[in-house]
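Containing mmCIF, C-alpha atoms and all ligand atoms: structure.cif.
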data_final
#
loop_
_atom_site.label_atom_id
_atom_site.label_comp_id
_atom_site.auth_asym_id
_atom_site.auth_seq_id
_atom_site.Cartn_x
_atom_site.Cartn_y
_atom_site.Cartn_z
CA MET A 1 0.00 0.00 0.00
CA ILE A 2 1.12 3.55 -0.71
CA ALA A 3 0.97 6.32 1.88
CA VAL A 4 0.92 9.98 0.91
CA LEU A 5 2.11 12.35 3.60
CA LEU A 6 1.12 15.98 3.16
CA VAL A 7 4.04 18.10 4.27
CA GLY A 8 3.97 21.00 1.85
CA GLY A 9 2.19 23.69 3.88
CA GLU A 10 3.89 26.93 4.87
CA GLY A 11 3.26 26.48 8.58
CA THR A 12 2.13 30.09 8.90
CA ARG A 13 0.85 29.68 12.46
CA LEU A 14 4.30 28.53 13.54
CA ARG A 15 6.16 31.57 12.24
CA PRO A 16 8.90 32.61 12.83
CA LEU A 17 10.03 28.98 13.38
CA THR A 18 8.89 28.13 9.86
CA TYR A 19 10.69 31.00 8.10
CA HIS A 20 13.69 28.74 7.61
CA PHE A 21 12.25 25.22 7.91
CA PRO A 22 8.99 23.46 7.06
CA LYS A 23 7.24 22.54 10.29
CA GLN A 24 7.85 18.82 9.86
CA ILE A 25 11.61 19.38 10.12
CA LEU A 26 11.21 21.15 13.49
CA PRO A 27 12.32 18.89 16.34
CA VAL A 28 9.91 17.14 18.65
CA ALA A 29 11.88 15.92 21.67
CA GLY A 30 15.05 16.07 19.61
CA LEU A 31 13.87 14.31 16.44
CA PRO A 32 12.47 15.99 13.33
CA MET A 33 8.68 15.86 13.57
CA ILE A 34 8.46 13.86 10.34
CA GLU A 35 10.30 10.94 11.95
CA ARG A 36 7.76 10.84 14.75
CA VAL A 37 4.89 11.03 12.22
CA LEU A 38 6.30 8.27 10.00
CA LYS A 39 6.42 5.81 12.89
CA GLN A 40 2.72 5.32 12.10
CA PHE A 41 3.64 3.59 8.89
CA ALA A 42 6.86 1.90 9.93
CA ALA A 43 4.93 -0.11 12.53
CA TYR A 44 3.12 -2.17 9.91
CA PRO A 45 2.83 -5.02 9.30
CA ALA A 46 4.72 -5.89 12.50
CA ASP A 47 1.52 -5.18 14.37
CA ASN A 48 -0.84 -6.65 11.80
CA ARG A 49 -3.76 -7.24 14.09
CA LEU A 50 -6.87 -5.45 15.18
CA SER A 51 -6.05 -3.38 18.24
CA ASN A 52 -9.65 -2.88 19.23
CA PRO A 53 -11.73 -5.80 17.94
CA ASP A 54 -14.99 -5.02 19.74
CA ASP A 55 -15.82 -1.44 18.90
CA VAL A 56 -13.90 -0.46 15.82
CA VAL A 57 -16.98 -0.77 13.65
CA GLY A 58 -19.58 -1.50 16.25
CA GLY A 59 -18.77 -5.20 16.23
CA ARG A 60 -19.67 -5.68 12.56
CA GLU A 61 -17.80 -8.21 10.55
CA ILE A 62 -14.79 -6.65 8.89
CA PRO A 63 -12.21 -8.32 6.67
CA GLN A 64 -9.65 -10.35 8.56
CA ASN A 65 -5.99 -10.69 7.69
CA THR A 66 -5.94 -7.66 5.46
CA ASP A 67 -2.43 -7.14 4.20
CA VAL A 68 -1.36 -3.61 5.11
CA THR A 69 2.26 -3.16 4.26
CA PHE A 70 3.50 0.27 3.31
CA GLN A 71 5.94 -0.30 0.49
CA GLU A 72 6.30 3.36 -0.17
CA CYS A 73 5.62 6.68 1.43
CA VAL A 74 5.42 9.74 -0.80
CA LEU A 75 6.13 13.08 0.77
CA SER A 76 3.98 15.72 -0.84
CA LEU A 77 6.23 18.77 -0.74
CA GLY A 78 5.79 22.39 -1.69
CA TYR A 79 7.27 24.77 0.87
CA LYS A 80 11.07 24.54 1.22
CA PRO A 81 11.35 21.03 -0.26
CA GLU A 82 15.15 21.28 -0.26
CA ARG A 83 15.15 21.04 3.52
CA PHE A 84 13.79 17.48 3.33
CA VAL A 85 16.25 16.46 0.65
CA GLN A 86 19.16 17.95 2.65
CA THR A 87 18.05 16.21 5.84
CA TYR A 88 17.38 12.83 4.18
CA PRO A 89 19.54 12.75 1.05
CA ASP A 90 19.37 8.97 0.60
CA GLY A 91 15.55 8.89 0.62
CA LEU A 92 15.35 6.87 3.83
CA ILE A 93 13.63 8.24 6.92
CA ASP A 94 14.03 6.04 9.97
CA GLY A 95 14.48 3.04 7.68
CA LEU A 96 11.36 3.74 5.61
CA ARG A 97 11.81 4.41 1.91
CA VAL A 98 10.32 7.76 0.92
CA SER A 99 9.97 9.54 -2.38
CA TYR A 100 9.44 13.23 -2.96
CA ALA A 101 6.65 14.77 -5.03
CA VAL A 102 7.45 18.48 -5.26
CA GLU A 103 4.64 20.78 -6.40
CA PRO A 104 5.69 23.57 -8.71
CA GLU A 105 3.25 25.78 -6.81
CA PRO A 106 0.98 25.14 -3.79
CA LEU A 107 -1.95 22.97 -4.85
CA GLY A 108 -3.82 22.85 -1.53
CA THR A 109 -4.50 19.61 0.34
CA GLY A 110 -6.61 18.11 -2.49
CA GLY A 111 -4.41 19.19 -5.40
CA ALA A 112 -1.40 17.89 -3.49
CA VAL A 113 -2.99 14.45 -3.02
CA ARG A 114 -3.65 14.11 -6.74
CA PHE A 115 -0.19 15.39 -7.67
CA ALA A 116 1.61 13.04 -5.27
CA ALA A 117 -0.59 10.03 -6.12
CA GLU A 118 0.06 10.48 -9.84
CA HIS A 119 3.74 11.01 -9.18
CA VAL A 120 3.99 7.43 -7.86
CA GLY A 121 1.24 5.95 -10.05
CA VAL A 122 -1.38 5.04 -7.44
CA THR A 123 -3.78 2.41 -8.80
CA GLU A 124 -5.13 0.86 -5.59
CA THR A 125 -6.51 1.87 -2.22
CA PHE A 126 -4.07 4.27 -0.54
CA VAL A 127 -3.63 6.19 2.69
CA VAL A 128 -3.22 9.96 3.12
CA MET A 129 -2.04 11.64 6.26
CA ASN A 130 -1.49 15.24 7.29
CA GLY A 131 2.19 15.44 8.12
CA ASP A 132 1.74 17.60 11.20
CA VAL A 133 -0.38 15.10 13.12
CA LEU A 134 1.30 13.10 15.85
CA ALA A 135 -0.81 10.11 16.73
CA ASP A 136 -0.74 6.66 18.19
CA ILE A 137 -3.66 5.32 16.31
CA SER A 138 -3.90 2.17 14.26
CA VAL A 139 -3.67 2.90 10.54
CA TYR A 140 -4.26 -0.80 10.13
CA ASP A 141 -7.65 -0.62 11.86
CA LEU A 142 -8.62 2.32 9.68
CA VAL A 143 -7.75 0.44 6.49
CA ARG A 144 -9.79 -2.54 7.60
CA VAL A 145 -12.78 -0.41 8.45
CA HIS A 146 -12.48 1.19 5.03
CA PHE A 147 -12.52 -2.23 3.34
CA TYR A 148 -15.74 -2.97 5.18
CA ASN A 149 -17.23 0.40 4.17
CA ARG A 150 -16.18 -0.11 0.57
CA ARG A 151 -18.70 -2.91 0.24
CA HIS A 152 -21.34 -0.28 1.02
CA GLY A 153 -20.05 2.16 -1.57
CA ALA A 154 -17.38 4.08 0.34
CA LEU A 155 -14.73 5.76 -1.76
CA ALA A 156 -13.07 7.25 1.30
CA THR A 157 -12.96 6.65 5.05
CA ILE A 158 -11.78 9.36 7.44
CA GLY A 159 -10.33 8.65 10.90
CA LEU A 160 -12.02 10.86 13.50
CA VAL A 161 -11.00 12.06 16.93
CA GLU A 162 -13.07 13.75 19.60
CA VAL A 163 -12.02 17.22 20.81
CA ASP A 164 -13.54 19.85 23.11
CA ASP A 165 -13.31 22.72 20.63
CA PRO A 166 -13.80 21.52 17.05
CA SER A 167 -13.70 24.98 15.45
CA ARG A 168 -10.08 24.81 14.21
CA TYR A 169 -10.65 21.47 12.48
CA GLY A 170 -12.84 19.73 9.92
CA VAL A 171 -16.00 18.58 11.70
CA VAL A 172 -18.04 15.51 10.83
CA ASP A 173 -21.62 14.46 11.37
CA MET A 174 -22.23 10.80 10.57
CA ASP A 175 -24.98 8.23 10.93
CA ALA A 176 -24.81 4.97 12.87
CA SER A 177 -23.32 3.12 9.88
CA GLY A 178 -20.45 5.63 9.68
CA GLN A 179 -21.75 7.31 6.52
CA VAL A 180 -20.89 11.01 6.68
CA ARG A 181 -23.92 13.33 6.50
CA GLN A 182 -21.98 16.57 6.74
CA PHE A 183 -18.35 17.66 6.62
CA VAL A 184 -17.67 21.28 7.59
CA GLU A 185 -14.15 22.69 7.59
CA LYS A 186 -13.42 25.08 10.47
CA PRO A 187 -17.00 25.98 11.43
CA SER A 188 -17.72 28.69 13.97
CA PRO A 189 -18.17 27.09 17.43
CA ASP A 190 -21.96 27.33 17.31
CA GLU A 191 -22.13 25.79 13.82
CA ALA A 192 -20.08 22.66 14.50
CA PRO A 193 -22.39 19.66 14.04
CA SER A 194 -20.44 17.50 16.54
CA ASN A 195 -17.20 17.22 18.49
CA LEU A 196 -15.85 14.58 16.14
CA ILE A 197 -13.17 16.01 13.92
CA ASN A 198 -11.15 14.93 10.95
CA GLY A 199 -7.95 13.50 12.43
CA GLY A 200 -6.10 14.21 9.17
CA ILE A 201 -5.83 10.56 8.15
CA TYR A 202 -7.80 9.02 5.31
CA VAL A 203 -8.06 5.84 3.31
CA LEU A 204 -8.97 6.67 -0.29
CA GLU A 205 -9.90 4.76 -3.42
CA PRO A 206 -8.11 5.90 -6.59
CA GLN A 207 -11.47 7.08 -8.04
CA VAL A 208 -11.35 10.00 -5.60
CA LEU A 209 -8.46 11.40 -7.66
CA ASP A 210 -10.85 11.91 -10.60
CA LEU A 211 -12.83 14.41 -8.49
CA ILE A 212 -9.76 16.64 -8.08
CA PRO A 213 -9.12 19.07 -10.95
CA VAL A 214 -5.54 18.77 -12.25
CA ASN A 215 -2.84 21.27 -11.37
CA GLN A 216 -4.96 23.72 -9.52
CA MET A 217 -5.45 24.73 -5.93
CA VAL A 218 -8.02 22.34 -4.42
CA SER A 219 -8.88 21.78 -0.77
CA ILE A 220 -9.75 18.16 0.00
CA GLU A 221 -11.68 19.35 3.06
CA ARG A 222 -13.67 22.18 1.48
CA GLU A 223 -14.22 20.76 -2.02
CA VAL A 224 -13.62 17.03 -2.33
CA PHE A 225 -15.16 15.77 0.92
CA PRO A 226 -18.43 17.71 0.47
CA GLU A 227 -18.71 16.26 -3.05
CA LEU A 228 -18.22 12.74 -1.67
CA VAL A 229 -20.83 13.45 1.03
CA ALA A 230 -23.34 14.46 -1.64
CA ALA A 231 -22.67 11.19 -3.48
CA GLY A 232 -23.06 9.16 -0.24
CA SER A 233 -19.55 7.76 -0.57
CA LEU A 234 -17.74 9.37 2.37
CA TYR A 235 -17.46 7.28 5.55
CA ALA A 236 -15.77 7.91 8.85
CA THR A 237 -14.81 6.03 11.96
CA ARG A 238 -13.68 7.07 15.37
CA MET A 239 -10.06 6.38 16.34
CA GLU A 240 -8.82 5.89 19.87
CA GLY A 241 -5.41 6.86 21.16
CA TYR A 242 -3.04 9.78 21.41
CA TRP A 243 -3.61 12.49 18.80
CA LEU A 244 -2.24 16.02 18.40
CA ASP A 245 -2.09 18.53 15.54
CA THR A 246 1.16 20.42 16.03
CA GLY A 247 0.30 23.44 13.91
CA THR A 248 0.30 26.20 16.57
CA PRO A 249 3.06 27.28 19.00
CA GLN A 250 1.05 25.96 21.95
CA SER A 251 0.48 22.58 20.35
CA TYR A 252 4.11 22.40 19.18
CA ILE A 253 5.27 22.95 22.78
CA GLN A 254 2.67 20.42 23.93
CA ALA A 255 4.00 17.84 21.45
CA ASN A 256 7.47 18.20 22.94
CA MET A 257 6.10 17.91 26.46
CA ASP A 258 4.06 14.82 25.57
CA TYR A 259 7.07 13.05 24.08
CA LEU A 260 9.27 13.97 27.07
CA GLU A 261 6.62 12.50 29.38
CA ARG A 262 6.34 9.41 27.26
CA TYR A 263 10.09 8.73 27.32
CA MET A 264 10.13 9.20 31.05
CA LYS A 265 8.25 5.91 31.28
CA LEU A 266 10.16 4.10 28.54
CA SER A 267 13.59 2.54 28.65
CA ASP A 268 14.13 3.40 24.97
CA PRO A 269 15.80 6.76 24.40
CA PRO A 270 13.83 9.60 22.74
CA VAL A 271 16.72 10.06 20.29
CA ALA A 272 19.26 7.45 19.20
CA GLY A 273 22.33 7.55 21.41
CA ALA A 274 20.69 9.34 24.37
CA ASN A 275 21.44 8.11 27.89
CA GLN A 276 19.59 8.73 31.10
CA ILE A 277 21.78 10.80 33.42
CA ALA A 278 19.05 10.83 36.09
CA GLU A 279 15.55 9.36 36.09
CA GLY A 280 13.68 10.95 33.18
CA VAL A 281 16.64 13.18 32.22
CA TRP A 282 18.10 12.16 28.87
CA ALA A 283 21.41 13.44 27.51
CA VAL A 284 22.91 13.01 24.07
CA GLY A 285 26.72 12.94 24.08
CA HIS A 286 28.35 14.89 26.87
CA PRO A 287 26.58 18.06 27.91
CA ILE A 288 28.05 19.73 31.01
CA VAL A 289 25.45 19.98 33.74
CA ARG A 290 26.62 22.13 36.65
CA GLY A 291 23.15 23.34 37.61
CA SER A 292 19.99 21.20 37.84
CA VAL A 293 18.06 19.44 35.13
CA LEU A 294 14.73 18.10 36.36
CA PRO A 295 12.68 15.41 34.63
CA PRO A 296 11.40 14.99 32.12
CA SER A 297 14.05 16.73 30.05
CA LEU A 298 16.43 16.15 27.17
CA VAL A 299 19.79 17.92 26.81
CA MET A 300 21.76 17.57 23.60
CA ASN A 301 25.48 17.29 23.03
CA GLY A 302 27.85 20.19 23.69
CA SER A 303 25.50 22.20 25.91
CA LEU A 304 26.39 23.77 29.23
CA ILE A 305 23.93 24.25 32.07
CA GLU A 306 25.72 26.62 34.46
CA TYR A 307 25.77 26.62 38.26
CA GLY A 308 22.48 27.77 39.72
CA ALA A 309 20.54 27.27 36.46
CA VAL A 310 17.39 25.13 36.66
CA VAL A 311 16.02 23.39 33.58
CA SER A 312 12.79 21.44 33.98
CA HIS A 313 10.39 19.77 31.56
CA SER A 314 12.34 21.09 28.59
CA VAL A 315 14.45 20.26 25.58
CA ILE A 316 17.86 21.95 25.25
CA GLY A 317 19.40 21.62 21.77
CA GLU A 318 23.08 21.18 20.88
CA ASN A 319 25.79 23.60 21.93
CA CYS A 320 23.61 25.86 24.08
CA ILE A 321 24.75 27.86 27.08
CA ILE A 322 22.21 28.25 29.86
CA GLY A 323 23.81 30.79 32.17
CA SER A 324 23.91 30.86 35.95
CA GLY A 325 20.64 31.62 37.68
CA CYS A 326 18.60 30.95 34.51
CA ARG A 327 15.26 29.14 34.66
CA VAL A 328 13.90 27.12 31.76
CA ASP A 329 10.53 25.47 32.20
CA ARG A 330 8.17 23.72 29.72
CA SER A 331 10.16 25.09 26.81
CA VAL A 332 11.96 24.10 23.64
CA VAL A 333 15.43 25.53 23.05
CA MET A 334 17.05 24.77 19.69
CA GLY A 335 20.78 24.54 18.90
CA GLY A 336 23.39 27.20 19.67
CA VAL A 337 21.17 29.32 21.95
CA ARG A 338 22.82 31.46 24.64
CA MET A 339 20.84 32.52 27.68
CA MET A 340 22.74 35.04 29.80
CA GLN A 341 22.57 34.90 33.57
CA ASP A 342 19.30 35.17 35.44
CA SER A 343 17.18 35.07 32.30
CA ALA A 344 14.00 32.98 32.29
CA LEU A 345 12.06 30.98 29.73
CA GLU A 346 8.65 29.49 30.37
CA ASP A 347 6.17 27.80 27.99
CA SER A 348 8.10 29.21 25.04
CA VAL A 349 10.33 28.31 22.09
CA LEU A 350 13.74 29.69 21.13
CA ALA A 351 14.90 28.90 17.59
CA ALA A 352 18.56 28.19 16.81
CA MET A 353 21.26 30.74 17.72
CA VAL A 354 18.96 33.03 19.72
CA GLU A 355 20.67 35.18 22.36
CA VAL A 356 18.79 36.12 25.48
CA GLY A 357 20.21 39.06 27.44
CA GLU A 358 20.76 39.08 31.17
CA GLY A 359 17.60 39.00 33.26
CA ALA A 360 15.25 38.86 30.27
CA GLN A 361 12.00 36.94 30.70
CA ILE A 362 10.30 35.09 27.87
CA VAL A 363 6.99 33.55 28.85
CA GLN A 364 3.48 32.38 27.88
CA GLY A 365 3.81 30.81 24.46
CA SER A 366 6.39 33.25 23.08
CA VAL A 367 8.34 32.20 20.01
CA VAL A 368 11.70 33.77 19.15
CA GLY A 369 13.09 33.19 15.65
CA GLU A 370 16.54 32.11 14.50
CA GLY A 371 19.44 34.34 15.51
CA TYR A 372 17.27 36.95 17.20
CA VAL A 373 18.80 38.91 20.08
CA VAL A 374 16.53 39.56 23.07
CA THR A 375 17.85 42.56 24.95
CA SER A 376 18.74 42.39 28.64
CA GLY A 377 15.90 42.88 31.05
CA SER A 378 13.14 42.71 28.45
CA VAL A 379 9.90 40.91 29.19
CA LEU A 380 8.25 39.00 26.32
CA SER A 381 4.87 37.49 27.01
CA ASP A 382 2.87 35.68 24.32
CA VAL A 383 4.80 37.34 21.47
CA ARG A 384 6.56 36.24 18.30
CA LEU A 385 9.77 37.90 17.22
CA PRO A 386 10.72 38.81 14.58
CA ILE A 387 7.43 39.07 12.75
CA ASN A 388 8.06 40.35 9.24
CA ASP A 389 11.46 39.28 8.06
CA GLN A 390 10.70 37.05 5.08
N1 LIG B 401 1.89 19.47 -0.47
C1 LIG B 401 1.09 20.34 0.12
N2 LIG B 401 0.58 21.39 -0.60
N3 LIG B 401 0.80 20.17 1.44
C2 LIG B 401 -0.02 21.07 2.02
C3 LIG B 401 -0.57 22.18 1.33
C4 LIG B 401 -0.24 22.33 -0.07
O1 LIG B 401 -0.66 23.28 -0.76
N4 LIG B 401 -1.33 22.89 2.21
C5 LIG B 401 -1.25 22.24 3.39
N5 LIG B 401 -0.45 21.15 3.29
C6 LIG B 401 -0.12 20.17 4.34
C7 LIG B 401 0.43 20.78 5.62
O2 LIG B 401 1.85 20.77 5.61
C8 LIG B 401 -0.12 19.85 6.71
O3 LIG B 401 0.74 18.77 6.99
C9 LIG B 401 -1.40 19.30 6.09
O4 LIG B 401 -1.35 19.56 4.69
C10 LIG B 401 -2.68 19.94 6.67
O5 LIG B 401 -2.58 21.35 6.54
P1 LIG B 401 -2.74 22.32 7.79
O6 LIG B 401 -2.51 23.69 7.31
O7 LIG B 401 -1.96 21.82 8.95
O8 LIG B 401 -4.30 22.17 8.05
P2 LIG B 401 -5.10 22.35 9.41
O9 LIG B 401 -4.34 21.78 10.56
O10 LIG B 401 -5.55 23.75 9.51
O11 LIG B 401 -6.41 21.44 9.14
C11 LIG B 401 -6.29 20.12 8.62
O12 LIG B 401 -5.92 19.20 9.63
C12 LIG B 401 -6.89 19.02 10.69
C13 LIG B 401 -6.36 17.92 11.61
O13 LIG B 401 -5.13 18.22 12.07
C14 LIG B 401 -7.64 19.72 8.00
O14 LIG B 401 -7.45 18.51 7.33
C15 LIG B 401 -8.72 19.59 9.06
O15 LIG B 401 -9.93 19.13 8.48
C16 LIG B 401 -8.27 18.60 10.12
O16 LIG B 401 -9.23 18.51 11.18
MG MG B 402 -2.45 21.09 10.87
#
Could you render the structure as structure tokens?
Amino acid sequence: MIAVLLVGGEGTRLRPLTYHFPKQILPVAGLPMIERVLKQFAAYPADNRLSNPDDVVGGREIPQNTDVTFQECVLSLGYKPERFVQTYPDGLIDGLRVSYAVEPEPLGTGGAVRFAAEHVGVTETFVVMNGDVLADISVYDLVRVHFYNRRHGALATIGLVEVDDPSRYGVVDMDASGQVRQFVEKPSPDEAPSNLINGGIYVLEPQVLDLIPVNQMVSIEREVFPELVAAGSLYATRMEGYWLDTGTPQSYIQANMDYLERYMKLSDPPVAGANQIAEGVWAVGHPIVRGSVLPPSLVMNGSLIEYGAVVSHSVIGENCIIGSGCRVDRSVVMGGVRMMQDSALEDSVLAAMVEVGEGAQIVQGSVVGEGYVVTSGSVLSDVRLPINDQ
């Protein structure tokens, strides 16, 4: 089976982090996001069994022993494709063979699916996934549910998750058989027909490609899904398990926190070559820790945590200096950052090579872009800097 991973968006909500990199290259607990996303596909067919036999499709009979092996994963690229090629020049990501379909111009989520599918010559059922979704759900279950639905005329099956506020997602209303009655992309809160949202993972039949006009901007959510609903051929099923869309600064920080928590309980390292230097504190190589690093945290090679500095629940990239008296909490610090003494970082992200002046405070979901210098004593709360430097 072929998987298409949509990774061509500009990541506008994550600016300035995405001025220099597509969001899927940004690290999540030390590994490029795309490697965490692709684990979904690498796991099959090793785990070729139904994870949730009783309620996946309400106990109805679904095909057994479906072969779900991902021979190929196509990355649908548009924004800064060279960053993927530079990072993975041999076309292997975490052992999985990938190919690149680079759009000459942005085609939207629907146009991109058609472009990528034609690039690799899709002729059979295939899977599409939004490349900014981190999830521990069973793609295998979803494929099997789709094969069941296909007997009832489904051309596509969407994996759904339940959220409190559906307004930033695609929202689905379906009947008891899983047939979708309504798909509304980003409705206002009072217009959302349910709390079940499009989890950004679909199983599609190749006929869906015929509904997508060639080489033009098409949204799968706003154009293709409503057309399938009208034809009665869109189905959906609820997925259980961890799920997070990493598209905003808050959810990007949350993704890092979630993976730090997860590796606190695992004996496997979050990044190859990391060792636990204290319970839940992982280090890659030989950082110098003179101050305190509290779990769960990850500190990369070549970094220095000075006397009196306290790092907790955070990721510190390579070759950083966290000065004496600094506090870093629930934050992501990328490579080469220097925090001068007594500065503080909380719930925020510093891109590579940022310099934070003495006593500065950066808090509440702030995001500071590559190489930016934060002057001594300044207080940044819920801000992004710089804002207009493209
Ligand atoms: N190749 C390509 N070309 N990829 C694109 C393009 C494009 O023109 N536009 C967006 N993408 C990629 C993004 O990189 C991302 O991985 C994915 O498509 C989805 O785009 P987002 O911009 O992240 O969409 P969203 O998060 O607002 O909403 C989507 O995801 C939600 C779940 O996370 C929709 O599919 C919603 O319906 C869904 O609920
Ligand atoms: Mg998204």
Mind pulling up the distance from atom CA of A:Leu14 to atom CA of A:Asp165? 19.9 Å
With a distance cut-off of 7 Å and all atoms listed in the file, select the neighbouring residues of stretch 22-39 of chain A, excluding the residue or stretch itself and same-chain residues fewer than 4 positions from it, and output the selection as a list in words.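 What passes the distance filter is Val7, Glu10, Gly11, Thr18, Ala43, Tyr79, Lys80, Ile93, Asp94, Gly131, Asp132, Val133, Leu134, Ala255, Asn256, Tyr259, Leu260, Pro270, Val271 and Val315 of chain A.
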Using all atoms listed in the file, find each protein or nucleic acid residue lying at most 12 Å from ligand MG 402 (chain B); present the set as number ranges by chain. A: 6-14, 23-24, 109, 129-134, 168-170, 186, 198-201, 243-249, 251-252
How many Å lie between atom CA of A:Gly359 and atom CA of A:Asp342, rounded to one decimal?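 For atom CA of A:Gly359 relative to atom CA of A:Asp342, the distance reads 4.7 Å.
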Identify the residues around (17.8, 26.2, 23.2) within a radius of 6 Å, measuring from all atoms listed in the file in the coordinates stated by the file, and give them as JSON, numbers by chain. {"A": [316, 317, 320, 333, 334, 335, 337, 350]}
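Note that atom CA of A:Arg181 and atom CA of A:Glu227 are 11.3 Å apart.
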Shortest interatomic distance to ligand LIG 401 (chain B) - which of A:Ala112, A:Val128, A:Val74, A:Leu160, counting all atoms listed in the file: A:Ala112
Selection as a ChimeraX atom specification: residues within 10 Å of (13.6, 32.4, 13.8), counting only C-alpha atoms: /A:15-21,349-354,367-372,384-387,389
I need the residue nearest A:Ser233 from this list: A:Thr157, A:Ser167, A:Ser331, A:Thr69. Use all atoms listed in the file for the distance.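 The closest residue to A:Ser233 is A:Thr157.
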Because some atoms of stretch 300-312 of chain A are absent here, can you restore N, CA and C atoms and send them as a short mmCIF file (atom, residue, chain, number, x, y, z; two decimals), keeping the file's coordinate frame?
data_model
loop_
_atom_site.label_atom_id
_atom_site.label_comp_id
_atom_site.auth_asym_id
_atom_site.auth_seq_id
_atom_site.Cartn_x
_atom_site.Cartn_y
_atom_site.Cartn_z
N MET A 300 20.97 18.10 24.71
CA MET A 300 21.76 17.57 23.60
C MET A 300 23.24 17.87 23.80
N ASN A 301 24.02 17.25 22.92
CA ASN A 301 25.48 17.29 23.03
C ASN A 301 26.04 18.72 23.00
N GLY A 302 27.11 18.94 23.76
CA GLY A 302 27.85 20.19 23.69
C GLY A 302 27.22 21.33 24.47
N SER A 303 26.13 21.09 25.17
CA SER A 303 25.50 22.20 25.91
C SER A 303 26.04 22.29 27.32
N LEU A 304 25.91 23.49 27.87
CA LEU A 304 26.39 23.77 29.23
C LEU A 304 25.25 24.36 30.04
N ILE A 305 24.94 23.71 31.15
CA ILE A 305 23.93 24.25 32.07
C ILE A 305 24.73 24.74 33.28
N GLU A 306 24.83 26.03 33.44
CA GLU A 306 25.72 26.62 34.46
C GLU A 306 25.22 26.42 35.89
N TYR A 307 26.11 26.68 36.84
CA TYR A 307 25.77 26.62 38.26
C TYR A 307 24.54 27.49 38.53
N GLY A 308 23.63 26.96 39.31
CA GLY A 308 22.48 27.77 39.72
C GLY A 308 21.39 27.86 38.67
N ALA A 309 21.61 27.28 37.49
CA ALA A 309 20.54 27.27 36.46
C ALA A 309 19.62 26.07 36.74
N VAL A 310 18.33 26.25 36.48
CA VAL A 310 17.39 25.13 36.66
C VAL A 310 16.60 24.93 35.37
N VAL A 311 16.76 23.75 34.80
CA VAL A 311 16.02 23.39 33.58
C VAL A 311 15.02 22.31 33.98
N SER A 312 13.75 22.51 33.68
CA SER A 312 12.79 21.44 33.98
C SER A 312 11.81 21.30 32.82
#
